[in-house]
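A short worksheet on the structure shown next.
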Amino acid sequence: MNTLVQYDAAVTGCKDIFIKKTKDYGTSWRVLRPISVVDQIFIKAQRIRNLQEIGVQKVEDNIEGEFKGIVNYGVIGLIQMEQNGNPYTDLPVEEVEQLYNKYIQQVKAVMEDKNHDYGEAWRDMSQESFVDLILTKLLRIKQILRNQGKTLISEGIDANYTDIINYALFALIKISESSPGL
């Protein structure tokens with residue numbers, strides 16, 4: 001198993017969607033306030049959890065697509081933490097792609113460090129655990145936002161987004177392993 005190759009393939013699938021949607025919609029997501037980004041990820045994670053628990057799906061969007069959405073909204077969250085200026089002004093697609101690459105590289109570096117220390121423990125985790133951990137991280141971000149972005153001892157919002165993105169990418173890798181050719 002080559003984690004880096006699988007990771008990059010999962011990122012490529014997410015980024016492709018992100019860039020195409022940027023070309024379709026511009027950077028309309030720039031108007032989202034921090035809590036709105038969190039809520040968008042929450043909706044996707046909660047939908048996955050509901051599907052896992054009830055096993056019945058009435059809307060066509062599949063779980064893989066929801067994990068890709070979580071990755072992309074996580075990247076939006078990281079971008080939004082840095083962006084200033086008029087949120088109603090579109091960023092050029094080239095700039096958006098550069099920002100996407102910048103944050104994914106940072107997220108990947110954290111994954112590589114943690115993978116070294118934890119010995120790829122994520123490979124033995126369930127999809128349900130990834131979703132539960134994503135939901136936990138979202139609740140942490142909500143609390144940090146209620147605390148005006150401050151923490152006493154804990155990691156900040158950016159570290160939580162980083163973990164959320166990595167959990168979603170791990171889930172996508174595991175989905176691809178169980179469904180070759182996706």
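So you can find residues: chains in the structure tokens are A, B, ... in the order shown, residues in each start at 1, and ligands are numbered from 1 in order.
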
Which polymer residues have any atom within 12 Å of an atom of Asn50 of chain A, counting only C-alpha atoms, with same-chain residues fewer than 6 positions away left out, as a ChimeraX atom specification? /A:42-44,56-58,63,128,131-132

Residue neighbourhood Tyr7 of chain A, 10 Å, only C-alpha atoms, exclusion window fewer than 4 positions, as a PyMOL selection string: chain A and resi 2-3+11-12+108+111+166+169-170+172-173

Which residue is closest to Pro92 of chain A? Choose from A:Ala10, A:Ile35, A:Ile19, A:Met125 and count only C-alpha atoms. A:Ile19

Residues of segment 32-129 of chain A that have any atom at most 12 Å from an atom of segment 139-155 of chain A: could you tabulate them with the shortest-distance atom pair and the distance in Å to one decimal, using only C-alpha atoms, ordered by chain and increasing number, as a tab-separated table?
```
residue	atom	partner	partner_atom	distance
A:Arg33	CA	A:Leu145	CA	10.8
A:Pro34	CA	A:Leu145	CA	7.9
A:Ile35	CA	A:Lys142	CA	7.0
A:Ser36	CA	A:Lys142	CA	10.2
A:Val37	CA	A:Ile141	CA	10.5
A:Val38	CA	A:Lys142	CA	7.4
A:Asp39	CA	A:Lys142	CA	9.1
A:Ile41	CA	A:Leu139	CA	10.9
A:Phe42	CA	A:Leu139	CA	8.8
A:Ala45	CA	A:Leu139	CA	11.8
A:Gly74	CA	A:Ile141	CA	11.7
A:Gly77	CA	A:Ile141	CA	10.8
A:Met81	CA	A:Gly149	CA	10.9
```

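For the set A:Asp24, A:Glu66, A:Asp117, A:Asp8, the residue with the smallest atom-to-atom gap to Ile104 of chain A is A:Asp8, counting only C-alpha atoms.
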
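The space between atom CA of Tyr100 of chain A and atom CA of Arg47 of chain A spans 25.0 Å.
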
Show which residues sit within 9 Å of Leu78 of chain A, as a ChimeraX atom specification. Count only C-alpha atoms, and ignore same-chain residues fewer than 2 positions away. /A:73-76,80-82,103,157-158,161-162

Between atom CA of Val96 of chain A and atom CA of Lys20 of chain A, what is the distance in Å, rounded to a tenth?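 Interatomic distance here is 11.2 Å.
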
According to DSSP computed on the backbone, where in segment 21-117 of chain A is there helix (DSSP H, G or I)? Give the residues as a VMD selection string. chain A and resid 21 to 25 28 to 31 34 to 54 63 to 82 93 to 117

Shortest interatomic distance to Val31 of chain A - which of A:Ser179, A:Asn84, A:Asn160, A:Ser129, counting only C-alpha atoms: A:Asn84

Taking into account only C-alpha atoms, which residue in the set A:Leu4, A:Ile175, A:Val93, A:Cys14 is nearest to Ile70 of chain A?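 For Ile70 of chain A, the nearest of the candidates is A:Cys14.
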
Shortest interatomic distance to Ala159 of chain A - which of A:Lys137, A:Lys174, A:Lys114, A:Lys21, counting only C-alpha atoms: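 Between A:Lys137, A:Lys174, A:Lys114, A:Lys21, the residue approaching Ala159 of chain A most closely is A:Lys137.
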